[in-house]
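K.L.:
Structure incoming, see below.
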Amino acid sequence: MSECLHVSELPRPEPTPLSSTCLECRDAGAHPVQLRLCLTCGHVGCCDSSPLRHATGHARESGHPVMRSFEPGESWRWCYEDGSIV
């Protein structure tokens, strides 16, 4: 696990989740595999194991680099820009 510059730039406290599931998957009639929470804005998207990869798409489109797992009992974070757990 590493600390990246993006972690120090995150809002504190972390943003409130904007939904309880991946709304893009819901709207597409798809089933999200694992959920991820954007730590910049609170967007909830599905992980890269889901066919539509909405969390990664959100990171690319928004420029928001860090997310955390939104699964119960998990708290790990990932920086898309650094490509590592942070």
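Numbering starts fresh at 1 for the residues of each chain in the structure tokens, the chains themselves are lettered A, B, ... in the order given, and ligands are numbered from 1 as they appear.
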Near His43 of chain A, counting only C-alpha atoms, which residues have an atom at most 6 Å away, once you skip same-chain residues fewer than 4 positions from it, shown as number ranges by chain?
P.N.:
A: 18, 37-38
K.L.:
When you look at Cys46 of chain A with a cut-off of 12 Å (counting only C-alpha atoms), what residues show up, excluding the ones that are within fewer than 6 positions of it in the same chain? I need them as a ChimeraX atom specification.
P.N.:
/A:19-26,30-38,52-59,67-71
K.L.:
For N, CA, C and O atoms, I'd like the residues from the last selection saved as a compact mmCIF listing (two decimals), in the first residue's frame.
P.N.:
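After the write, again-v1.txt holds the following:
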# COMPACT_ATOMS: atom_id res chain seq x y z
N SER A 19 -25.72 7.30 -4.31
CA SER A 19 -26.70 6.24 -4.49
C SER A 19 -26.24 5.02 -3.71
O SER A 19 -25.14 5.00 -3.16
N SER A 20 -27.08 3.99 -3.70
CA SER A 20 -26.70 2.75 -3.01
C SER A 20 -26.26 1.67 -3.98
O SER A 20 -25.87 0.58 -3.57
N THR A 21 -26.30 1.98 -5.28
CA THR A 21 -25.89 1.03 -6.30
C THR A 21 -25.37 1.80 -7.51
O THR A 21 -25.40 3.03 -7.55
N CYS A 22 -24.90 1.07 -8.51
CA CYS A 22 -24.45 1.68 -9.75
C CYS A 22 -25.68 2.04 -10.59
O CYS A 22 -26.34 1.15 -11.14
N LEU A 23 -26.00 3.31 -10.65
CA LEU A 23 -27.20 3.75 -11.36
C LEU A 23 -27.08 3.51 -12.87
O LEU A 23 -28.09 3.24 -13.53
N GLU A 24 -25.86 3.59 -13.40
CA GLU A 24 -25.68 3.33 -14.83
C GLU A 24 -26.01 1.88 -15.16
O GLU A 24 -26.64 1.60 -16.18
N CYS A 25 -25.60 0.94 -14.30
CA CYS A 25 -25.96 -0.47 -14.50
C CYS A 25 -27.47 -0.63 -14.39
O CYS A 25 -28.08 -1.32 -15.22
N ARG A 26 -28.05 -0.03 -13.40
CA ARG A 26 -29.51 -0.13 -13.22
C ARG A 26 -30.23 0.36 -14.47
O ARG A 26 -31.11 -0.31 -15.00
N ALA A 30 -28.24 -3.93 -16.36
CA ALA A 30 -27.11 -4.80 -16.05
C ALA A 30 -26.98 -4.99 -14.54
O ALA A 30 -27.52 -4.21 -13.76
N HIS A 31 -26.25 -6.01 -14.14
CA HIS A 31 -26.03 -6.28 -12.71
C HIS A 31 -24.61 -5.90 -12.34
O HIS A 31 -23.66 -6.47 -12.87
N PRO A 32 -24.42 -4.93 -11.42
CA PRO A 32 -23.07 -4.58 -11.00
C PRO A 32 -22.46 -5.69 -10.15
O PRO A 32 -23.13 -6.28 -9.32
N VAL A 33 -21.18 -5.97 -10.39
CA VAL A 33 -20.50 -7.05 -9.66
C VAL A 33 -20.02 -6.56 -8.30
O VAL A 33 -20.36 -7.12 -7.28
N GLN A 34 -19.22 -5.54 -8.25
CA GLN A 34 -18.72 -4.96 -7.00
C GLN A 34 -18.86 -3.45 -7.13
O GLN A 34 -18.65 -2.90 -8.22
N LEU A 35 -19.17 -2.78 -6.05
CA LEU A 35 -19.37 -1.33 -6.10
C LEU A 35 -18.15 -0.58 -5.60
O LEU A 35 -17.45 -1.05 -4.70
N ARG A 36 -17.93 0.59 -6.18
CA ARG A 36 -16.83 1.47 -5.83
C ARG A 36 -17.38 2.86 -5.60
O ARG A 36 -18.26 3.32 -6.31
N LEU A 37 -16.84 3.57 -4.60
CA LEU A 37 -17.26 4.91 -4.24
C LEU A 37 -16.17 5.91 -4.62
O LEU A 37 -15.03 5.78 -4.17
N CYS A 38 -16.51 6.89 -5.44
CA CYS A 38 -15.57 7.95 -5.77
C CYS A 38 -15.36 8.81 -4.53
O CYS A 38 -16.32 9.32 -3.95
N LEU A 52 -19.64 -3.40 -17.68
CA LEU A 52 -19.68 -2.01 -18.13
C LEU A 52 -18.66 -1.10 -17.45
O LEU A 52 -18.48 0.05 -17.86
N ARG A 53 -18.02 -1.53 -16.39
CA ARG A 53 -16.89 -0.83 -15.73
C ARG A 53 -17.16 0.67 -15.48
O ARG A 53 -16.36 1.52 -15.82
N HIS A 54 -18.26 0.96 -14.83
CA HIS A 54 -18.66 2.35 -14.64
C HIS A 54 -17.77 3.15 -13.69
O HIS A 54 -17.61 4.35 -13.87
N ALA A 55 -17.17 2.52 -12.68
CA ALA A 55 -16.29 3.26 -11.77
C ALA A 55 -15.06 3.77 -12.53
O ALA A 55 -14.66 4.93 -12.38
N THR A 56 -14.47 2.91 -13.35
CA THR A 56 -13.31 3.33 -14.15
C THR A 56 -13.71 4.40 -15.15
O THR A 56 -12.99 5.39 -15.35
N GLY A 57 -14.88 4.23 -15.78
CA GLY A 57 -15.37 5.24 -16.71
C GLY A 57 -15.56 6.58 -16.04
O GLY A 57 -15.22 7.64 -16.59
N HIS A 58 -16.10 6.56 -14.82
CA HIS A 58 -16.28 7.81 -14.07
C HIS A 58 -14.93 8.47 -13.79
O HIS A 58 -14.78 9.69 -13.97
N ALA A 59 -13.95 7.69 -13.37
CA ALA A 59 -12.62 8.24 -13.08
C ALA A 59 -12.02 8.89 -14.33
O ALA A 59 -11.46 9.99 -14.26
N MET A 67 -10.82 6.05 -5.50
CA MET A 67 -12.07 5.46 -5.07
C MET A 67 -11.77 4.49 -3.94
O MET A 67 -10.63 4.15 -3.69
N ARG A 68 -12.86 4.08 -3.28
CA ARG A 68 -12.70 3.01 -2.30
C ARG A 68 -13.78 1.97 -2.56
O ARG A 68 -14.80 2.26 -3.20
N SER A 69 -13.54 0.79 -2.06
CA SER A 69 -14.56 -0.26 -2.18
C SER A 69 -15.81 0.21 -1.44
O SER A 69 -15.74 0.80 -0.36
N PHE A 70 -16.96 -0.05 -2.04
CA PHE A 70 -18.24 0.29 -1.42
C PHE A 70 -18.96 -0.99 -0.99
O PHE A 70 -20.17 -1.02 -0.82
N GLU A 71 -18.18 -2.04 -0.79
CA GLU A 71 -18.72 -3.32 -0.35
C GLU A 71 -18.66 -3.39 1.17
O GLU A 71 -17.70 -2.90 1.78
K.L.:
When DSSP works through the backbone of this structure, what residues of segment 22-84 of chain A end up as alpha helix (DSSP H), shown as a VMD selection string?
P.N.:
chain A and resid 23 to 28 54 to 62
K.L.:
Run DSSP on the backbone and grab whatever in chain A lands in strand (DSSP E); send it over as a PyMOL selection string.
P.N.:
chain A and resi 35-38+44-46+66-69+77-79+84-85
K.L.:
Since we have the selection now, will you write its residues out, keeping N, CA and C atoms, as a short mmCIF file (atom, residue, chain, number, x, y, z; two decimals), in the first residue's frame?
P.N.:
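Written out: part.cif:
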data_model
loop_
_atom_site.label_atom_id
_atom_site.label_comp_id
_atom_site.auth_asym_id
_atom_site.auth_seq_id
_atom_site.Cartn_x
_atom_site.Cartn_y
_atom_site.Cartn_z
N LEU A 35 -19.17 -2.78 -6.05
CA LEU A 35 -19.37 -1.33 -6.10
C LEU A 35 -18.15 -0.58 -5.60
N ARG A 36 -17.93 0.59 -6.18
CA ARG A 36 -16.83 1.47 -5.83
C ARG A 36 -17.38 2.86 -5.60
N LEU A 37 -16.84 3.57 -4.60
CA LEU A 37 -17.26 4.91 -4.24
C LEU A 37 -16.17 5.91 -4.62
N CYS A 38 -16.51 6.89 -5.44
CA CYS A 38 -15.57 7.95 -5.77
C CYS A 38 -15.36 8.81 -4.53
N VAL A 44 -21.23 6.34 -7.20
CA VAL A 44 -21.11 4.90 -6.97
C VAL A 44 -21.17 4.22 -8.33
N GLY A 45 -20.13 3.43 -8.62
CA GLY A 45 -20.06 2.72 -9.89
C GLY A 45 -19.60 1.30 -9.69
N CYS A 46 -19.80 0.49 -10.74
CA CYS A 46 -19.40 -0.91 -10.69
C CYS A 46 -17.92 -1.05 -11.02
N VAL A 66 -9.27 8.83 -7.04
CA VAL A 66 -9.26 7.83 -5.96
C VAL A 66 -10.67 7.37 -5.63
N MET A 67 -10.82 6.05 -5.50
CA MET A 67 -12.07 5.46 -5.07
C MET A 67 -11.77 4.49 -3.94
N ARG A 68 -12.86 4.08 -3.28
CA ARG A 68 -12.70 3.01 -2.30
C ARG A 68 -13.78 1.97 -2.56
N SER A 69 -13.54 0.79 -2.06
CA SER A 69 -14.56 -0.26 -2.18
C SER A 69 -15.81 0.21 -1.44
N ARG A 77 -8.63 1.41 -0.77
CA ARG A 77 -8.77 2.50 -1.75
C ARG A 77 -7.83 2.24 -2.92
N TRP A 78 -8.19 2.75 -4.08
CA TRP A 78 -7.41 2.59 -5.30
C TRP A 78 -7.27 3.94 -5.98
N CYS A 79 -6.06 4.25 -6.43
CA CYS A 79 -5.82 5.47 -7.21
C CYS A 79 -5.68 5.06 -8.67
N SER A 84 -2.47 2.05 -8.17
CA SER A 84 -2.07 1.29 -6.99
C SER A 84 -3.07 1.46 -5.85
N ILE A 85 -3.01 0.52 -4.92
CA ILE A 85 -3.78 0.63 -3.69
C ILE A 85 -3.13 1.70 -2.84
#
